[in-house]
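Chemist: What follows is start-v1.cif; its format and atoms are mmCIF, C-alpha atoms.
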data_data
loop_
_atom_site.label_atom_id
_atom_site.label_comp_id
_atom_site.auth_asym_id
_atom_site.auth_seq_id
_atom_site.Cartn_x
_atom_site.Cartn_y
_atom_site.Cartn_z
CA MET H 80 -5.17 18.84 -27.57
CA PRO H 81 -8.32 20.98 -27.37
CA THR H 82 -10.45 20.64 -24.25
CA LEU H 83 -13.36 18.61 -25.65
CA PRO H 84 -11.20 15.89 -27.30
CA PHE H 85 -9.09 15.80 -24.12
CA LEU H 86 -12.15 15.32 -21.95
CA LEU H 87 -13.64 12.65 -24.23
CA SER H 88 -10.31 10.81 -24.29
CA VAL H 89 -9.98 10.94 -20.51
CA TRP H 90 -13.52 9.65 -20.03
CA ALA H 91 -12.99 6.83 -22.52
CA LEU H 92 -9.83 5.88 -20.67
CA LEU H 93 -11.21 6.18 -17.13
CA LEU H 94 -14.44 4.33 -17.90
CA THR H 95 -12.59 1.38 -19.43
CA PRO H 96 -12.51 -1.59 -17.04
CA GLY H 97 -9.16 -1.88 -15.32
CA PRO H 98 -7.65 -2.75 -11.96
CA THR H 99 -8.73 0.45 -10.19
CA ASN H 100 -12.25 0.31 -11.61
CA MET H 101 -12.60 -3.35 -10.65
CA LEU H 102 -11.65 -2.51 -7.06
CA MET H 103 -14.13 0.39 -6.98
CA ALA H 104 -16.89 -1.86 -8.34
CA LEU H 105 -16.02 -4.60 -5.86
CA SER H 106 -16.04 -2.08 -3.02
CA GLY H 107 -19.41 -0.82 -4.22
CA ALA H 108 -20.73 -4.39 -4.23
CA GLN H 109 -19.37 -5.00 -0.74
CA GLY H 110 -20.51 -1.84 0.98
CA GLY H 111 -22.53 0.26 -1.43
CA TRP H 112 -21.51 3.30 -3.38
CA ARG H 113 -21.86 5.71 -0.45
CA ARG H 114 -19.25 3.85 1.61
CA THR H 115 -17.06 3.48 -1.45
CA ALA H 116 -17.28 7.21 -2.13
CA ARG H 117 -14.83 7.65 0.76
CA LEU H 118 -12.21 5.93 -1.41
CA VAL H 119 -12.54 8.42 -4.28
CA PRO H 120 -10.01 10.89 -2.80
CA VAL H 121 -7.55 7.99 -2.46
CA GLU H 122 -7.93 7.13 -6.15
CA MET H 123 -7.61 10.79 -7.12
CA ALA H 124 -4.47 11.25 -4.99
CA ALA H 125 -2.83 8.16 -6.49
CA TYR H 126 -3.55 9.18 -10.08
CA LEU H 127 -2.28 12.70 -9.47
CA ALA H 128 0.81 11.34 -7.67
CA VAL H 129 1.70 9.62 -10.94
CA VAL H 130 0.37 12.04 -13.54
CA LEU H 131 1.82 15.30 -12.27
CA PRO H 132 5.47 14.21 -11.79
CA VAL H 133 5.47 12.20 -15.02
CA ALA H 134 3.98 15.09 -16.99
CA MET H 135 6.53 17.48 -15.51
CA LEU H 136 9.60 15.27 -15.95
CA ALA H 137 8.67 12.81 -18.70
CA THR H 138 10.85 14.08 -21.51
CA GLU H 139 14.09 14.05 -19.54
CA VAL H 140 13.44 10.88 -17.53
CA MET H 141 12.22 8.77 -20.44
CA ALA H 142 15.21 9.81 -22.54
CA ASP H 143 17.63 8.90 -19.74
CA TRP H 144 15.91 5.67 -18.64
CA PRO H 145 14.27 3.94 -21.61
CA ARG H 146 13.51 0.81 -19.53
CA LEU H 147 11.45 2.75 -17.01
CA ALA H 148 8.17 2.34 -18.92
CA GLN H 149 8.82 -1.39 -19.25
CA THR H 150 9.50 -1.72 -15.53
CA VAL H 151 6.34 0.17 -14.61
CA LYS H 152 4.24 -2.02 -16.93
CA LEU H 153 5.72 -5.20 -15.47
CA ALA H 154 5.08 -3.96 -11.92
CA ALA H 155 1.49 -3.12 -12.88
CA ALA H 156 1.08 -6.58 -14.43
CA ALA H 157 2.41 -8.27 -11.29
CA TRP H 158 0.11 -6.25 -9.04
CA ALA H 159 -2.95 -6.96 -11.23
CA LEU H 160 -2.11 -10.67 -11.15
CA HIS H 161 -1.75 -10.54 -7.36
CA LEU H 162 -5.20 -8.92 -7.07
CA ALA H 163 -6.70 -11.44 -9.50
CA LEU H 164 -5.36 -14.38 -7.51
CA ALA H 165 -6.55 -12.92 -4.21
CA LEU H 166 -10.06 -12.42 -5.61
CA TRP H 167 -10.15 -15.84 -7.27
CA ARG H 168 -9.05 -17.66 -4.12
CA THR H 169 -11.92 -16.22 -2.10
CA PRO H 170 -14.47 -19.04 -1.69
CA MET H 171 -17.61 -18.45 -3.72
CA GLU H 172 -20.21 -19.48 -1.17
CA GLY H 173 -20.60 -18.09 2.30
CA ALA H 174 -17.46 -15.97 2.30
CA VAL H 175 -16.85 -12.30 2.06
CA ALA H 176 -14.19 -11.09 -0.35
CA PRO H 177 -11.31 -9.20 1.22
CA ALA H 178 -12.35 -5.62 1.82
CA VAL H 179 -11.10 -3.04 -0.63
CA ASP H 180 -9.08 -0.70 1.55
CA ALA H 181 -7.34 2.59 0.88
CA ARG H 182 -3.86 1.05 0.70
CA ARG H 183 -4.83 -1.55 -1.88
CA LEU H 184 -6.65 1.03 -3.99
CA PHE H 185 -3.78 3.52 -3.75
CA VAL H 186 -1.10 1.02 -4.81
CA THR H 187 -3.27 -0.36 -7.58
CA THR H 188 -3.94 3.11 -8.95
CA LEU H 189 -0.27 4.10 -8.71
CA LEU H 190 0.60 1.10 -10.88
CA ASN H 191 -2.31 1.63 -13.26
CA PRO H 192 -0.89 2.48 -16.70
CA LYS H 193 -3.83 4.82 -17.33
CA GLY H 194 -1.99 7.46 -15.33
CA LEU H 195 1.01 7.21 -17.64
CA ILE H 196 -1.22 7.49 -20.69
CA VAL H 197 -2.79 10.68 -19.34
CA ALA H 198 0.60 12.15 -18.42
CA LEU H 199 2.45 11.20 -21.58
CA ALA H 200 -0.21 11.32 -24.28
CA LEU H 201 -3.23 13.38 -23.23
CA LEU H 202 -2.12 16.32 -21.10
CA PRO H 203 -0.63 19.35 -22.82
CA PRO H 204 2.95 20.31 -21.93
CA PRO H 205 3.27 21.69 -18.39
CA ARG H 206 4.11 25.19 -19.66
CA ALA H 207 1.01 25.37 -21.87
CA PRO H 208 -1.83 27.59 -20.61
CA ALA H 209 -4.25 24.64 -20.84
CA PHE H 210 -2.17 22.40 -18.54
CA LEU H 211 -3.73 23.35 -15.20
CA PRO H 212 -7.32 23.48 -16.52
CA HIS H 213 -6.82 20.04 -18.07
CA VAL H 214 -5.41 18.69 -14.80
CA ALA H 215 -8.52 20.04 -13.05
CA LEU H 216 -10.78 18.38 -15.64
CA PHE H 217 -8.85 15.14 -15.18
CA ALA H 218 -9.34 15.30 -11.40
CA ALA H 219 -13.09 15.96 -11.81
CA SER H 220 -13.29 13.07 -14.29
CA ILE H 221 -11.61 10.73 -11.80
CA PHE H 222 -14.22 11.71 -9.22
CA LEU H 223 -17.19 11.09 -11.52
CA CYS H 224 -15.86 7.88 -13.08
CA ALA H 225 -14.95 6.43 -9.68
CA LEU H 226 -18.48 7.10 -8.43
CA PHE H 227 -19.86 5.49 -11.58
CA TRP H 228 -17.88 2.27 -10.93
CA ALA H 229 -18.83 2.29 -7.25
CA ALA H 230 -22.51 2.68 -8.14
CA LEU H 231 -22.25 -0.05 -10.78
CA GLY H 232 -20.74 -2.39 -8.20
CA GLY H 233 -23.44 -1.43 -5.72
CA GLN H 234 -26.11 -2.33 -8.27
CA CYS H 235 -24.42 -5.68 -8.90
CA GLY H 236 -24.13 -6.35 -5.16
CA GLY H 237 -25.83 -9.09 -3.29
CA ARG H 238 -28.27 -9.51 -0.49
CA GLY H 239 -26.90 -6.73 1.71
CA ASP H 240 -25.58 -9.07 4.41
CA GLY H 241 -21.92 -8.92 3.41
CA HIS H 242 -22.07 -11.89 1.05
CA ARG H 243 -22.06 -9.85 -2.11
CA ALA H 244 -22.00 -10.88 -5.73
CA PRO H 245 -19.65 -13.87 -5.80
CA TRP H 246 -19.86 -13.82 -9.60
CA LEU H 247 -18.57 -10.23 -9.56
CA ARG H 248 -15.44 -11.37 -7.71
CA ARG H 249 -14.78 -14.07 -10.31
CA ALA H 250 -15.47 -11.69 -13.20
CA ALA H 251 -13.18 -9.07 -11.67
CA ALA H 252 -10.48 -11.69 -11.04
CA SER H 253 -10.70 -12.94 -14.63
CA TRP H 254 -10.55 -9.42 -16.04
CA LEU H 255 -7.58 -8.51 -13.85
CA ALA H 256 -5.72 -11.66 -14.90
CA LEU H 257 -6.38 -10.83 -18.55
CA LEU H 258 -5.14 -7.26 -18.01
CA SER H 259 -2.07 -8.59 -16.24
CA GLY H 260 -1.19 -10.81 -19.19
CA GLY H 261 -1.74 -7.98 -21.67
CA LEU H 262 0.42 -5.59 -19.68
CA ALA H 263 3.19 -8.15 -19.33
CA LEU H 264 3.13 -9.02 -23.04
CA GLY H 265 3.13 -5.34 -23.98
CA ALA H 266 6.07 -4.63 -21.69
CA LEU H 267 8.11 -7.58 -22.98
CA ALA H 268 7.36 -6.77 -26.63
CA HIS H 269 9.37 -3.53 -26.37
#
Can I see the file as structure tokens?
Modeler:
Amino acid sequence: MPTLPFLLSVWALLLTPGPTNMLMALSGAQGGWRRTARLVPVEMAAYLAVVLPVAMLATEVMADWPRLAQTVKLAAAAWALHLALALWRTPMEGAVAPAVDARRLFVTTLLNPKGLIVALALLPPPRAPAFLPHVALFAASIFLCALFWAALGGQCGGRGDGHRAPWLRRAAASWLALLSGGLALGALAH
């Protein structure tokens, strides 16, 4: 895939609301985008921890283990549902949502099917000359899109006293539950 279509596809994918983006927005709402910017390397490391090995080994592994993609989707669905329930159970008034920490963001991003899409459908083959430049563009795109979601969450935040945007928690929980159902249905359909 030429560079411009690759970049546009990556941006469309990374800007789409999903579990990682919801956590970045929630973190931005809780502590502002500057504090959340410290989580960007965690998101980048998690995506690359999935994308690079899958891109390098995908052909052989997927041929040998056809149920692997289904298992990953089901694990991602279960994790998204767990996050949705945790966010939903947080009381709306007078309570602070659980902080978005590096571990939660890392696990969520590892299980995010967007990484598999990049590795299996968007990146050129590892031996292609464009592979490393496209990986670099993907990493830069992660950085910029993560900051976008953090800033969006910061703009949707609350009063600045730690009791931020209770409606954002419910919206994020609802979206994550919907994503969880879609991932589970997609995994079981195959």
Chemist: Any chance you could work out the residue set of the PyMOL selection byres ((chain H and resi 218) around 12) here, as a PyMOL selection string?
Modeler: chain H and resi 86+89-90+93+119-128+130-131+194+197+211-217+219-225
Chemist: Just want the 9 Å neighbourhood of H:Phe227, counted on all atoms listed in the file, with same-chain residues fewer than 5 positions away dropped. Output as a tab-separated table (two decimals) with C-alpha atoms, in the coordinates of the input.
Modeler:
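Once written, result.tsv looks like this:
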chain	number	residue	atom	x	y	z
H	94	LEU	CA	-14.44	4.33	-17.90
H	103	MET	CA	-14.13	0.39	-6.98
H	104	ALA	CA	-16.89	-1.86	-8.34
H	112	TRP	CA	-21.51	3.30	-3.38
H	222	PHE	CA	-14.22	11.71	-9.22
H	232	GLY	CA	-20.74	-2.39	-8.20
Chemist: Output the residue selection produced by the PyMOL selection byres ((chain H and resi 198) around 10) on the file above, formatted as a list in words.
Modeler: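 Matching residues under the PyMOL selection byres ((chain H and resi 198) around 10) are Tyr126, Leu127, Val129, Val130, Leu131, Pro132, Val133, Ala134, Met135, Leu136, Ala137, Pro192, Lys193, Gly194, Leu195, Ile196, Val197, Leu199, Ala200, Leu201, Leu202, Pro203, Pro204, Pro205 and Val214 of chain H.
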Chemist: Please return the centre and edge lengths, in Å to one decimal, of a box with edges along x, y and z that contains all listed atoms of stretch 254-263 of chain H, widened by 6 Å on every side, as JSON.
Modeler:
{"center_x": -3.7, "center_y": -8.6, "center_z": -17.8, "size_x": 25.7, "size_y": 18.1, "size_z": 19.8}
Chemist: Taking (6.8, -3.3, -20.9) in the coordinates of the supplied file, I want to know which residues reach to within 6 Å of it, counting all atoms listed in the file; could you give the answer as a PyMOL selection string?
Modeler: chain H and resi 149+152-153+265-267
Chemist: Evaluate the PyMOL selection byres ((chain H and resi 188) around 7) against this structure - the residues, as a PyMOL selection string, please.
Modeler: chain H and resi 99+122+125-126+184-187+189-191
Chemist: Using all atoms listed in the file, find the one residue out of H:Arg113, H:Ala209, H:Ala268, H:Ala108 that sits nearest to H:Phe85.
Modeler: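 Using all atoms listed in the file, the shortest distance to H:Phe85 belongs to H:Ala209.
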Chemist: Between H:Leu255, H:Cys235, H:Ala178, H:Leu264, which is the closest to H:Arg114 once you count all atoms listed in the file?
Modeler: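 Counting all atoms listed in the file, the residue closest to H:Arg114 is H:Ala178.
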Chemist: May I ask for the distance between atom CA of H:Val140 and atom CA of H:Thr95, given in Å to one decimal place?
Modeler: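 These two atoms are separated by 27.8 Å.
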Chemist: Using Å and a single decimal, report how far atom CA of H:Ala251 sits from atom CA of H:Gly107.
Modeler: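 Going from atom CA of H:Gly107 over to atom CA of H:Ala251 covers 12.7 Å.
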Chemist: Go through H:Pro208, H:Gly111, H:Gly97, H:Gly233 one by one, measure the shortest atom-to-atom distance of each to H:Ser259 using only C-alpha atoms, and give the residue with the smallest value.
Modeler: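 Among the listed residues, the smallest separation from H:Ser259 belongs to H:Gly97.
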Chemist: Have a look at atom CA of H:Gly261 and atom CA of H:Ala156 and let me know their distance in Å, one decimal.
Modeler: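 Between atom CA of H:Gly261 and atom CA of H:Ala156 the gap is 7.9 Å.
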